[in-house]
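Student: Handing you a structure now.
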Amino acid sequence: MTEPANQPTADAPGFPRIGFNLVFVPGDGIGPEVIAAGRRVLEATGRLFGFRFEWQEILIGGVAIDAYGVPMRDEDLAACRDADAVYFGAIGDPKYDDPTATVRPEQALLGLRKGLGLYANLRPVTVQPVLRASSPVRESLLEGVDMMIVRELTGGLYFGKPSGLRAGPAGREAVDTLIYSEEEIRRVVRLAFELARGRRKKLTSVDKANILSSSRLWRTIVEEVRPEYPDVTVEHRLVDACAMTLIQRPAVFDVLVTENLFGDILSDEASVLAGSLGMLPSASIGERQTAHGLHGMYEPIHGSAPDIAGKDIANPLAAILSGAMMLRWSLGQNAAAVAIERAVTAVLTAGYRTADLLSATGDATGLRPVGTQAMGDAVVAAIENQEHTAAEDGERATALSGGSR
Ligand code: IPM
Ligand code: MG
């Protein structure tokens, strides 16, 4: 999909600024810390690019069970629906991990995905050149890794009925159902083709068609849609073999599209390439257009990491990069999104590292260890710095051309 261009505008007094209504969900574990850093970065882009945010904070997840007895209230789902986009931290709390519990934080996440119609989960996997050494995968294999995993998000095993525990003829049994309608497959496959068209024009569809009926339908639909995109090369891979190739030759992938559970597993695997789960953002988008873009929800893929919560050591870059995806997909602010992405590259190049990135490197010589909020501050400073450089370049150009302003 081609991304909209837009120009930075001055934040002059009295300058009319576009406003965005966002719901802000800190959630559980490290969610509140990383999302706070991300919010400061978004505010910085607003000041520089001439827009402002109205934030509505809501409780979802374990914190909502604690406060209201349910993982998500109906009115909070409605608030998410009414907002331009949802900026999400993480949910999950070990105190609700009991497998017999009937109320669990994760139900809220599934409720949001289904309730907001967020059928496509976009998980870009890129490797920052300065982080190649942080990945356990050999550096030479990481050259050129740039893929977009498109995970179907509102169907498959996560939502299929029947699902549950029941009494069987030989004791307890449990069932989950992998079901897809052709329309559910078609819309996510089309989106993946569109994305491939705007990138390196290669689509890998991942399935288990040698075993599963749902996968055979998936493959059939991909073949049916294929003639609409003659410029895109298509390949089918079986999920087990694909899991292997993701590590052996990760640079061969451009866009991958796959069903819900396969996408869940493969995207965690692919995150290893980036050096840390703390680097990977995600966007969950639906079909609904708002005044500014597609309605969606933006969250780091790392989850709530309760063991490191509240210590200011979590990596906020995945949350910050999720903010960039929100600017791009839901808010029509591509230039601001690019500014965030450049700032992240700049702080990493300057040596800033949170604990997850340091521990993987082994050697911290020349690096600057920072906590969650200091990493957020460094990104804010890098964005402001880019803007000063751009303004100075502009002044220089004006002076050279003899103009005045
Ligand atoms: C993810 C997570 C979730 C999922 C969990 C927290 C329910 O692993 O977003 O990948 O399985 O979808
Ligand atoms: Mg997952």
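Labels for the structure tokens follow display order: chains A, B, ..., residues from 1 in each chain, ligands from 1.
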Can you tell me, as an NGL selection string, what residues are no more than 10 Å from Gly366 of chain A when counting only C-alpha atoms, ignoring any on the same chain fewer than 5 positions away?
Tutor: :A and (350-352)
Student: Taking the DSSP secondary structure from the backbone, can you list the residues of segment 50-262 of chain A that are helix (DSSP H, G or I), as a PyMOL selection string?
Tutor: chain A and resi 62-68+74-82+94-96+106-115+129-134+139-142+156-158+182-197+213-228+239-248+250-252+260-262
Student: In terms of the shortest atom-to-atom distance over only C-alpha atoms and all ligand atoms, which of A:Glu299, A:Glu43, A:Asp66, A:Asp76 is closest to ligand 2?
Tutor: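 Smallest distance to ligand 2 is found for A:Glu299.
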Student: Here is a test: counting only C-alpha atoms, which residue of A:Ala170, A:Ala382, A:Ile265, A:Ala120 is nearest to Glu287 of chain A?
Tutor: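 Under the stated criterion, the closest residue is A:Ala120.
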Student: At a cut-off of 12 Å and counting only C-alpha atoms and all ligand atoms, what residues surround ligand 2? Please answer as a compact mmCIF listing (two decimals) with C-alpha atoms, in the first residue's frame.
Tutor:
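Full text of out03.txt as output:
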# COMPACT_ATOMS: atom_id res chain seq x y z
CA ALA A 90 0.49 -5.08 27.30
CA ILE A 91 -1.80 -7.38 29.21
CA GLY A 92 -1.23 -10.52 31.25
CA GLU A 106 -6.16 -12.28 27.70
CA LEU A 109 -7.29 -8.72 24.15
CA LEU A 110 -9.31 -11.22 22.15
CA ASN A 121 -2.07 -7.97 12.53
CA ARG A 123 4.31 -7.34 12.42
CA ARG A 151 -1.22 -12.54 10.79
CA LEU A 153 -6.31 -12.02 13.86
CA TYR A 158 -8.46 -18.42 18.73
CA ASN A 260 -3.87 -16.71 13.49
CA LEU A 261 -1.95 -19.33 15.50
CA PHE A 262 0.76 -19.91 12.88
CA GLY A 263 1.27 -16.12 12.81
CA ASP A 264 1.47 -15.94 16.60
CA ILE A 265 4.24 -18.54 16.67
CA LEU A 266 6.21 -17.45 13.61
CA SER A 267 6.25 -13.78 14.66
CA ASP A 268 7.82 -14.59 18.03
CA GLU A 269 10.37 -16.71 16.21
CA ALA A 270 11.13 -13.93 13.74
CA SER A 271 11.59 -11.42 16.56
CA LEU A 277 11.52 -9.01 21.49
CA LEU A 280 9.18 -5.26 17.55
CA SER A 282 2.69 -4.22 15.72
CA GLU A 299 1.03 -2.47 20.62
CA PRO A 300 4.51 -3.83 21.17
CA ILE A 301 4.56 -7.58 20.61
CA HIS A 302 6.54 -8.33 23.78
CA GLY A 303 3.72 -8.74 26.28
CA SER A 304 3.60 -7.76 29.94
Student: For each of A:Ser276, A:Ser214, A:Gln56, A:Ser284, take the minimum atom-to-atom distance to ligand 1, counting only C-alpha atoms and all ligand atoms, then give the residue where this is smallest.
Tutor: A:Ser284
Student: Which residues are near segment 220-226 of chain A? Cut-off 8 Å, only C-alpha atoms, ignore same chain within fewer than 6 positions. Put them as a VMD selection string.
Tutor: chain A and resid 182 185 to 186 189 to 190 205 232 234
Student: If you run DSSP over the backbone, which residues in segment 294-388 of chain A end up strand (DSSP E or B)? Put them as a PyMOL selection string.
Tutor: chain A and resi 294-300+352-353+368-369
Student: Next, write the just-selected residues to a file, as a tab-separated table (two decimals), in the first residue's frame, keeping N, CA and C atoms as the atom set.
Tutor:
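File written: again37.tsv
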chain	number	residue	atom	x	y	z
A	294	LEU	N	-7.07	4.20	8.69
A	294	LEU	CA	-7.77	2.98	9.09
A	294	LEU	C	-7.84	2.90	10.61
A	295	HIS	N	-8.97	2.48	11.11
A	295	HIS	CA	-9.07	2.31	12.57
A	295	HIS	C	-8.15	1.17	12.99
A	296	GLY	N	-7.47	1.32	14.09
A	296	GLY	CA	-6.55	0.25	14.49
A	296	GLY	C	-6.06	0.36	15.91
A	297	MET	N	-5.33	-0.66	16.31
A	297	MET	CA	-4.78	-0.74	17.66
A	297	MET	C	-3.28	-1.05	17.52
A	298	TYR	N	-2.46	-0.41	18.34
A	298	TYR	CA	-1.01	-0.46	18.17
A	298	TYR	C	-0.35	-0.90	19.46
A	299	GLU	N	0.43	-1.94	19.39
A	299	GLU	CA	1.03	-2.47	20.62
A	299	GLU	C	2.37	-3.14	20.33
A	300	PRO	N	3.28	-3.06	21.30
A	300	PRO	CA	4.51	-3.83	21.17
A	300	PRO	C	4.17	-5.32	21.23
A	352	TYR	N	22.90	4.05	22.70
A	352	TYR	CA	21.95	3.85	23.80
A	352	TYR	C	21.42	2.42	23.77
A	353	ARG	N	21.43	1.76	24.93
A	353	ARG	CA	20.95	0.37	25.00
A	353	ARG	C	20.23	0.12	26.31
A	368	ARG	N	25.97	3.06	25.78
A	368	ARG	CA	25.40	3.83	26.88
A	368	ARG	C	24.20	3.11	27.45
A	369	PRO	N	24.38	2.42	28.59
A	369	PRO	CA	23.26	1.71	29.19
A	369	PRO	C	22.22	2.71	29.72
Student: To one decimal place in Å, what is the distance between atom CA of Leu256 of chain A and atom CA of Ala335 of chain A?
Tutor: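 Distance reported for this atom pair: 25.9 Å.
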Student: Taking 2 positions as the minimum chain separation for residues in the same chain, which residues sit within 10 Å of Gly164 of chain A when counting only C-alpha atoms? Answer as a ChimeraX atom specification.
Tutor: /A:161-162,166,173-177
Student: Considering only C-alpha atoms, can you say which of A:Thr389, A:Thr345, A:Ser322, A:Thr365 comes closest to Arg39 of chain A?
Tutor: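 For Arg39 of chain A, the nearest of the given residues is A:Ser322.
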Student: Between atom CA of His236 of chain A and atom CA of Asp254 of chain A, what is the spacing in Å?
Tutor: 13.0 Å
Student: Identify, on the basis of only C-alpha atoms, every residue whose closest approach to Ile211 of chain A does not exceed 12 Å; exclude the query and any residue fewer than 3 positions from it along the same chain; express the result as an mmCIF file with C-alpha atoms, in the first residue's frame.
Tutor:
data_model
loop_
_atom_site.group_PDB
_atom_site.id
_atom_site.type_symbol
_atom_site.label_atom_id
_atom_site.label_comp_id
_atom_site.auth_asym_id
_atom_site.auth_seq_id
_atom_site.Cartn_x
_atom_site.Cartn_y
_atom_site.Cartn_z
ATOM 1 C CA ASP A 207 -0.159 -23.086 5.773
ATOM 2 C CA LYS A 208 -0.285 -26.789 6.586
ATOM 3 C CA SER A 214 -8.634 -25.084 6.547
ATOM 4 C CA SER A 215 -5.165 -24.729 5.012
ATOM 5 C CA ARG A 216 -6.315 -26.223 1.726
ATOM 6 C CA LEU A 217 -9.072 -23.615 1.541
ATOM 7 C CA LEU A 238 4.308 -25.326 4.874
ATOM 8 C CA VAL A 239 4.496 -23.864 8.351
ATOM 9 C CA ASP A 240 7.040 -26.345 9.724
#
